[in-house]
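Each remark here refers to the structure printed beneath this line.
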Amino acid sequence: YPRPQCKRDSFLCLNGDWSLSVLQACDGKEREVGTIRVPFVPESRLSGIEQTFDKKDILIYRRKVTLPRGFEKERLMLHFGAVDQICCVRVNGQPIGGLEGGYHPFSLDVTDAWREGENELTVEVSDPLDEVLPYGKQREKRGGMWYTPTSGIWQTVWMEAVPTAHIEHI
């Protein structure tokens, strides 16, 4: 469990294989890239992709999720440890929320978009390596003190069911 201080019984880790495609800035077409192993960034070998994308491209992660039996309380939360840099999250095609800034965790209440049976999570991510946004020591061309770009989901993803009145932060 990623947050031992706030461990709950209803926990579903979503790390593992997700489908990855890219909406290419050059022609506006979506191209299937393959299966990516979350939470590794597509630029890394451990992701199974090991590919760098144009900084204007949009990465599109997709995963089908069916909740296990007994995974029911009043609200259903989707948690991301971190996503670099700008993301929009959808459940069954419905926009749920997102975040700008790639270095901190965020949570979204997906209850109203969730339905019985199989659901589809979609995370659309752009990482422009823009000087306006913090980007650490990343550069398009690594070398010296500069790192390989890191984009997309790069921390644990999980779901949990919570009561309507629940503790969010300690």
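Quick note on naming: the chains in the structure tokens go A, B, ... in the order shown, residues restart at 1 in each chain, and ligands are numbered from 1 in order of appearance.
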Contacts of region 8-21 of chain A at 10 Å (only C-alpha atoms; same-chain gap of 3+ positions) as number ranges by chain
A: 1-5, 24, 30-40, 42, 47-49, 58-65, 67-68, 70-73, 76-80, 121-124, 153, 155-162
Those same residues, written as a PDB file, in the first residue's frame with C-alpha atoms?
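Generated output (result-v4.pdb):
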```pdb
ATOM      1  CA  TYR A   1       0.000   0.000   0.000  1.00  0.00           C
ATOM      2  CA  PRO A   2       1.545   3.329  -1.063  1.00  0.00           C
ATOM      3  CA  ARG A   3       0.470   5.317   2.039  1.00  0.00           C
ATOM      4  CA  PRO A   4       1.040   3.093   5.090  1.00  0.00           C
ATOM      5  CA  GLN A   5      -0.156   5.828   7.479  1.00  0.00           C
ATOM      6  CA  GLN A  24       1.032  13.071 -32.668  1.00  0.00           C
ATOM      7  CA  GLU A  30      -3.408   8.737 -32.806  1.00  0.00           C
ATOM      8  CA  ARG A  31      -0.819   5.966 -33.130  1.00  0.00           C
ATOM      9  CA  GLU A  32      -0.752   2.792 -31.025  1.00  0.00           C
ATOM     10  CA  VAL A  33       2.621   2.450 -29.273  1.00  0.00           C
ATOM     11  CA  GLY A  34       2.065  -0.787 -27.340  1.00  0.00           C
ATOM     12  CA  THR A  35       1.857  -1.988 -23.765  1.00  0.00           C
ATOM     13  CA  ILE A  36       3.562   0.078 -21.095  1.00  0.00           C
ATOM     14  CA  ARG A  37       4.426  -1.102 -17.599  1.00  0.00           C
ATOM     15  CA  VAL A  38       3.207   1.562 -15.150  1.00  0.00           C
ATOM     16  CA  PRO A  39       4.735   3.253 -13.143  1.00  0.00           C
ATOM     17  CA  PHE A  40       7.784   3.301 -15.410  1.00  0.00           C
ATOM     18  CA  PRO A  42       8.006   5.421 -21.575  1.00  0.00           C
ATOM     19  CA  SER A  47       8.512   0.457 -19.157  1.00  0.00           C
ATOM     20  CA  GLY A  48       8.765  -1.902 -22.100  1.00  0.00           C
ATOM     21  CA  ILE A  49       8.584   1.090 -24.473  1.00  0.00           C
ATOM     22  CA  ILE A  58       0.052  13.713 -26.078  1.00  0.00           C
ATOM     23  CA  LEU A  59       0.515  10.296 -24.465  1.00  0.00           C
ATOM     24  CA  ILE A  60      -2.722   8.362 -23.962  1.00  0.00           C
ATOM     25  CA  TYR A  61      -2.754   5.615 -21.320  1.00  0.00           C
ATOM     26  CA  ARG A  62      -5.732   3.228 -21.212  1.00  0.00           C
ATOM     27  CA  ARG A  63      -6.653   0.424 -18.865  1.00  0.00           C
ATOM     28  CA  LYS A  64      -9.795  -1.632 -18.289  1.00  0.00           C
ATOM     29  CA  VAL A  65     -10.687  -2.123 -14.611  1.00  0.00           C
ATOM     30  CA  LEU A  67     -13.471  -3.921  -9.148  1.00  0.00           C
ATOM     31  CA  PRO A  68     -13.213  -7.069  -7.009  1.00  0.00           C
ATOM     32  CA  GLY A  70     -16.498  -6.417  -1.561  1.00  0.00           C
ATOM     33  CA  PHE A  71     -14.914  -3.253  -2.958  1.00  0.00           C
ATOM     34  CA  GLU A  72     -17.871  -1.074  -2.063  1.00  0.00           C
ATOM     35  CA  LYS A  73     -18.280   1.972   0.121  1.00  0.00           C
ATOM     36  CA  LEU A  76     -14.498   5.538  -5.040  1.00  0.00           C
ATOM     37  CA  MET A  77     -11.129   7.318  -5.182  1.00  0.00           C
ATOM     38  CA  LEU A  78      -8.457   7.081  -7.876  1.00  0.00           C
ATOM     39  CA  HIS A  79      -4.953   8.039  -6.688  1.00  0.00           C
ATOM     40  CA  PHE A  80      -1.813   8.940  -8.649  1.00  0.00           C
ATOM     41  CA  LEU A 121      -9.555   4.588 -17.355  1.00  0.00           C
ATOM     42  CA  THR A 122      -7.870   7.012 -19.745  1.00  0.00           C
ATOM     43  CA  VAL A 123      -5.019   9.320 -18.770  1.00  0.00           C
ATOM     44  CA  GLU A 124      -3.929  11.881 -21.368  1.00  0.00           C
ATOM     45  CA  ILE A 153       2.759   8.197 -15.181  1.00  0.00           C
ATOM     46  CA  GLN A 155       4.493   6.827  -9.606  1.00  0.00           C
ATOM     47  CA  THR A 156       2.049   4.236  -8.266  1.00  0.00           C
ATOM     48  CA  VAL A 157      -1.618   4.334  -9.324  1.00  0.00           C
ATOM     49  CA  TRP A 158      -4.303   2.810  -7.089  1.00  0.00           C
ATOM     50  CA  MET A 159      -7.984   2.882  -6.219  1.00  0.00           C
ATOM     51  CA  GLU A 160      -9.742   2.649  -2.901  1.00  0.00           C
ATOM     52  CA  ALA A 161     -13.297   2.799  -1.646  1.00  0.00           C
ATOM     53  CA  VAL A 162     -13.963   5.206   1.211  1.00  0.00           C
TER      54      VAL A 162
END
```
Selected residue, from A:Gly152, A:Ile86, A:Lys7, A:Phe106, that lies nearest to Ser44 (chain A) when counting only C-alpha atoms:
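Ranked by minimum distance to Ser44 (chain A), first place goes to A:Gly152.
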Shell of 9 Å around Asp84 (chain A), only C-alpha atoms, local chain residues under 6 positions omitted, as an MDAnalysis selection string:
chainID A and resid 100:103 125:127 135 150:154
Limited to all heavy atoms, could you put the picked residues into a file as an mmCIF file, in the first residue's frame?
```
data_model
loop_
_atom_site.group_PDB
_atom_site.id
_atom_site.type_symbol
_atom_site.label_atom_id
_atom_site.label_comp_id
_atom_site.auth_asym_id
_atom_site.auth_seq_id
_atom_site.Cartn_x
_atom_site.Cartn_y
_atom_site.Cartn_z
ATOM 1 N N GLU A 100 -1.771 19.851 -13.263
ATOM 2 C CA GLU A 100 -0.622 20.434 -13.945
ATOM 3 C C GLU A 100 0.510 20.492 -12.934
ATOM 4 O O GLU A 100 0.363 21.082 -11.870
ATOM 5 C CB GLU A 100 -0.951 21.836 -14.451
ATOM 6 C CG GLU A 100 0.178 22.465 -15.225
ATOM 7 C CD GLU A 100 -0.220 23.793 -15.834
ATOM 8 O OE1 GLU A 100 -1.220 23.834 -16.573
ATOM 9 O OE2 GLU A 100 0.475 24.794 -15.553
ATOM 10 N N GLY A 101 1.613 19.866 -13.249
ATOM 11 C CA GLY A 101 2.755 19.786 -12.339
ATOM 12 C C GLY A 101 3.049 18.326 -12.074
ATOM 13 O O GLY A 101 2.176 17.579 -11.659
ATOM 14 N N GLY A 102 4.243 17.910 -12.319
ATOM 15 C CA GLY A 102 4.532 16.488 -12.324
ATOM 16 C C GLY A 102 5.183 15.899 -11.104
ATOM 17 O O GLY A 102 5.698 14.798 -11.174
ATOM 18 N N TYR A 103 5.170 16.591 -9.963
ATOM 19 C CA TYR A 103 5.982 16.121 -8.851
ATOM 20 C C TYR A 103 5.231 15.810 -7.573
ATOM 21 O O TYR A 103 5.838 15.567 -6.552
ATOM 22 C CB TYR A 103 7.070 17.161 -8.550
ATOM 23 C CG TYR A 103 7.943 17.414 -9.742
ATOM 24 C CD1 TYR A 103 7.760 18.530 -10.536
ATOM 25 C CD2 TYR A 103 8.927 16.506 -10.096
ATOM 26 C CE1 TYR A 103 8.541 18.747 -11.646
ATOM 27 C CE2 TYR A 103 9.710 16.715 -11.212
ATOM 28 C CZ TYR A 103 9.517 17.838 -11.982
ATOM 29 O OH TYR A 103 10.296 18.042 -13.084
ATOM 30 N N VAL A 125 -1.639 12.669 -21.249
ATOM 31 C CA VAL A 125 -0.522 13.378 -20.631
ATOM 32 C C VAL A 125 0.300 14.128 -21.676
ATOM 33 O O VAL A 125 0.636 13.568 -22.721
ATOM 34 C CB VAL A 125 0.423 12.388 -19.905
ATOM 35 C CG1 VAL A 125 1.523 13.135 -19.181
ATOM 36 C CG2 VAL A 125 -0.322 11.480 -18.959
ATOM 37 N N SER A 126 0.622 15.373 -21.362
ATOM 38 C CA SER A 126 1.584 16.106 -22.190
ATOM 39 C C SER A 126 2.721 16.579 -21.290
ATOM 40 O O SER A 126 2.516 16.856 -20.109
ATOM 41 C CB SER A 126 0.923 17.299 -22.894
ATOM 42 O OG SER A 126 0.435 18.225 -21.959
ATOM 43 N N ASP A 127 3.901 16.606 -21.858
ATOM 44 C CA ASP A 127 5.091 17.042 -21.116
ATOM 45 C C ASP A 127 5.912 17.926 -22.042
ATOM 46 O O ASP A 127 6.825 17.465 -22.720
ATOM 47 C CB ASP A 127 5.905 15.835 -20.657
ATOM 48 C CG ASP A 127 7.080 16.233 -19.776
ATOM 49 O OD1 ASP A 127 7.192 17.419 -19.418
ATOM 50 O OD2 ASP A 127 7.888 15.356 -19.462
ATOM 51 N N TYR A 135 10.787 21.509 -14.537
ATOM 52 C CA TYR A 135 11.092 20.256 -15.234
ATOM 53 C C TYR A 135 12.392 19.626 -14.753
ATOM 54 O O TYR A 135 12.901 18.691 -15.358
ATOM 55 C CB TYR A 135 11.129 20.457 -16.748
ATOM 56 C CG TYR A 135 12.102 21.519 -17.213
ATOM 57 C CD1 TYR A 135 13.422 21.204 -17.479
ATOM 58 C CD2 TYR A 135 11.680 22.829 -17.376
ATOM 59 C CE1 TYR A 135 14.321 22.177 -17.891
ATOM 60 C CE2 TYR A 135 12.566 23.808 -17.789
ATOM 61 C CZ TYR A 135 13.881 23.477 -18.051
ATOM 62 O OH TYR A 135 14.763 24.439 -18.450
ATOM 63 N N THR A 150 11.619 12.516 -18.784
ATOM 64 C CA THR A 150 10.707 11.551 -18.169
ATOM 65 C C THR A 150 9.305 12.126 -18.262
ATOM 66 O O THR A 150 9.059 13.248 -17.828
ATOM 67 C CB THR A 150 11.060 11.276 -16.696
ATOM 68 O OG1 THR A 150 11.080 12.507 -15.981
ATOM 69 C CG2 THR A 150 12.391 10.592 -16.572
ATOM 70 N N SER A 151 8.417 11.374 -18.849
ATOM 71 C CA SER A 151 7.055 11.859 -19.043
ATOM 72 C C SER A 151 6.058 10.776 -18.662
ATOM 73 O O SER A 151 6.414 9.614 -18.525
ATOM 74 C CB SER A 151 6.851 12.290 -20.498
ATOM 75 O OG SER A 151 7.199 11.229 -21.368
ATOM 76 N N GLY A 152 4.826 11.187 -18.489
ATOM 77 C CA GLY A 152 3.763 10.228 -18.226
ATOM 78 C C GLY A 152 3.641 9.840 -16.765
ATOM 79 O O GLY A 152 4.124 10.522 -15.863
ATOM 80 N N ILE A 153 2.991 8.697 -16.538
ATOM 81 C CA ILE A 153 2.759 8.197 -15.181
ATOM 82 C C ILE A 153 4.074 7.633 -14.659
ATOM 83 O O ILE A 153 4.616 6.714 -15.240
ATOM 84 C CB ILE A 153 1.668 7.101 -15.179
ATOM 85 C CG1 ILE A 153 0.346 7.656 -15.732
ATOM 86 C CG2 ILE A 153 1.478 6.551 -13.761
ATOM 87 C CD1 ILE A 153 -0.723 6.597 -15.955
ATOM 88 N N TRP A 154 4.578 8.198 -13.553
ATOM 89 C CA TRP A 154 5.869 7.730 -13.040
ATOM 90 C C TRP A 154 5.850 7.379 -11.553
ATOM 91 O O TRP A 154 6.889 7.153 -10.939
ATOM 92 C CB TRP A 154 6.985 8.724 -13.356
ATOM 93 C CG TRP A 154 6.894 10.048 -12.670
ATOM 94 C CD1 TRP A 154 6.130 11.110 -13.029
ATOM 95 C CD2 TRP A 154 7.617 10.444 -11.510
ATOM 96 N NE1 TRP A 154 6.317 12.151 -12.154
ATOM 97 C CE2 TRP A 154 7.239 11.771 -11.200
ATOM 98 C CE3 TRP A 154 8.548 9.821 -10.683
ATOM 99 C CZ2 TRP A 154 7.743 12.473 -10.130
ATOM 100 C CZ3 TRP A 154 9.051 10.535 -9.608
ATOM 101 C CH2 TRP A 154 8.657 11.844 -9.347
#
```
Region 22-164 of chain A: residues DSSP assigns to helix (DSSP H, G or I), reported as a PDB file with all heavy atoms, in the first residue's frame:
```
ATOM      1  N   ARG A  45      13.758   1.684 -20.055  1.00  0.00           N
ATOM      2  CA  ARG A  45      13.753   0.296 -20.512  1.00  0.00           C
ATOM      3  C   ARG A  45      12.713  -0.525 -19.746  1.00  0.00           C
ATOM      4  O   ARG A  45      12.030  -1.368 -20.309  1.00  0.00           O
ATOM      5  CB  ARG A  45      15.147  -0.319 -20.334  1.00  0.00           C
ATOM      6  CG  ARG A  45      15.225  -1.748 -20.841  1.00  0.00           C
ATOM      7  CD  ARG A  45      16.618  -2.315 -20.752  1.00  0.00           C
ATOM      8  NE  ARG A  45      17.523  -1.518 -21.571  1.00  0.00           N
ATOM      9  CZ  ARG A  45      18.768  -1.209 -21.222  1.00  0.00           C
ATOM     10  NH1 ARG A  45      19.286  -1.653 -20.109  1.00  0.00           N
ATOM     11  NH2 ARG A  45      19.525  -0.477 -22.014  1.00  0.00           N
ATOM     12  N   LEU A  46      12.582  -0.279 -18.428  1.00  0.00           N
ATOM     13  CA  LEU A  46      11.657  -1.048 -17.609  1.00  0.00           C
ATOM     14  C   LEU A  46      10.192  -0.846 -17.999  1.00  0.00           C
ATOM     15  O   LEU A  46       9.342  -1.657 -17.667  1.00  0.00           O
ATOM     16  CB  LEU A  46      11.846  -0.726 -16.129  1.00  0.00           C
ATOM     17  CG  LEU A  46      13.152  -1.246 -15.522  1.00  0.00           C
ATOM     18  CD1 LEU A  46      13.334  -0.696 -14.117  1.00  0.00           C
ATOM     19  CD2 LEU A  46      13.169  -2.763 -15.512  1.00  0.00           C
ATOM     20  N   SER A  47       9.892   0.209 -18.722  1.00  0.00           N
ATOM     21  CA  SER A  47       8.512   0.457 -19.157  1.00  0.00           C
ATOM     22  C   SER A  47       8.083  -0.506 -20.253  1.00  0.00           C
ATOM     23  O   SER A  47       6.900  -0.723 -20.472  1.00  0.00           O
ATOM     24  CB  SER A  47       8.357   1.886 -19.673  1.00  0.00           C
ATOM     25  OG  SER A  47       8.988   2.032 -20.945  1.00  0.00           O
ATOM     26  N   THR A 111     -16.506   8.267  -8.399  1.00  0.00           N
ATOM     27  CA  THR A 111     -17.752   7.573  -8.077  1.00  0.00           C
ATOM     28  C   THR A 111     -18.840   7.784  -9.122  1.00  0.00           C
ATOM     29  O   THR A 111     -19.473   6.825  -9.574  1.00  0.00           O
ATOM     30  CB  THR A 111     -18.276   8.018  -6.700  1.00  0.00           C
ATOM     31  OG1 THR A 111     -17.230   7.913  -5.743  1.00  0.00           O
ATOM     32  CG2 THR A 111     -19.469   7.199  -6.268  1.00  0.00           C
ATOM     33  N   ASP A 112     -19.090   9.022  -9.495  1.00  0.00           N
ATOM     34  CA  ASP A 112     -20.220   9.332 -10.369  1.00  0.00           C
ATOM     35  C   ASP A 112     -20.039   8.816 -11.800  1.00  0.00           C
ATOM     36  O   ASP A 112     -21.028   8.613 -12.509  1.00  0.00           O
ATOM     37  CB  ASP A 112     -20.493  10.839 -10.376  1.00  0.00           C
ATOM     38  CG  ASP A 112     -20.923  11.339  -8.997  1.00  0.00           C
ATOM     39  OD1 ASP A 112     -21.440  10.518  -8.201  1.00  0.00           O
ATOM     40  OD2 ASP A 112     -20.723  12.527  -8.711  1.00  0.00           O
ATOM     41  N   ALA A 113     -18.810   8.600 -12.238  1.00  0.00           N
ATOM     42  CA  ALA A 113     -18.562   8.093 -13.588  1.00  0.00           C
ATOM     43  C   ALA A 113     -18.425   6.567 -13.633  1.00  0.00           C
ATOM     44  O   ALA A 113     -18.464   5.973 -14.702  1.00  0.00           O
ATOM     45  CB  ALA A 113     -17.295   8.733 -14.157  1.00  0.00           C
TER      46      ALA A 113
END
```
For the structure I just gave you, how does DSSP split chain A - specifically, which residues are strand (DSSP E)? Reply as a ChimeraX atom specification.
/A:11-13,16-23,30-38,58-65,75-80,83-84,86-91,94-100,106-109,119-126,152-153,157-162
Name all residues at most 7 Å from Gly98 (chain A) (count only C-alpha atoms; drop same-chain ones fewer than 4 positions away) and give them as a compact mmCIF listing (two decimals) with N, CA and C atoms, in the first residue's frame.
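Saved file part20.txt follows:
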```
# COMPACT_ATOMS: atom_id res chain seq x y z
N CYS A 87 -1.92 16.50 -17.06
CA CYS A 87 -2.74 15.33 -17.40
C CYS A 87 -4.23 15.59 -17.23
N CYS A 88 -5.01 14.83 -17.98
CA CYS A 88 -6.46 14.83 -17.90
C CYS A 88 -6.87 13.37 -17.73
N VAL A 89 -7.71 13.10 -16.74
CA VAL A 89 -8.14 11.73 -16.45
C VAL A 89 -9.61 11.59 -16.82
```
Pairwise distance for CA of Val91 (chain A) and CA of Asn119 (chain A), rounded to one decimal in Å
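Answer for the CA of Val91 (chain A) to CA of Asn119 (chain A) separation: 7.0 Å.
Taking only C-alpha atoms into account, Lys141 (chain A) lies nearest to A:Asp54 out of the set A:Val41, A:Gly93, A:Glu74, A:Asp54.
CA of Arg69 (chain A) lies 10.6 Å from CA of Gly117 (chain A).
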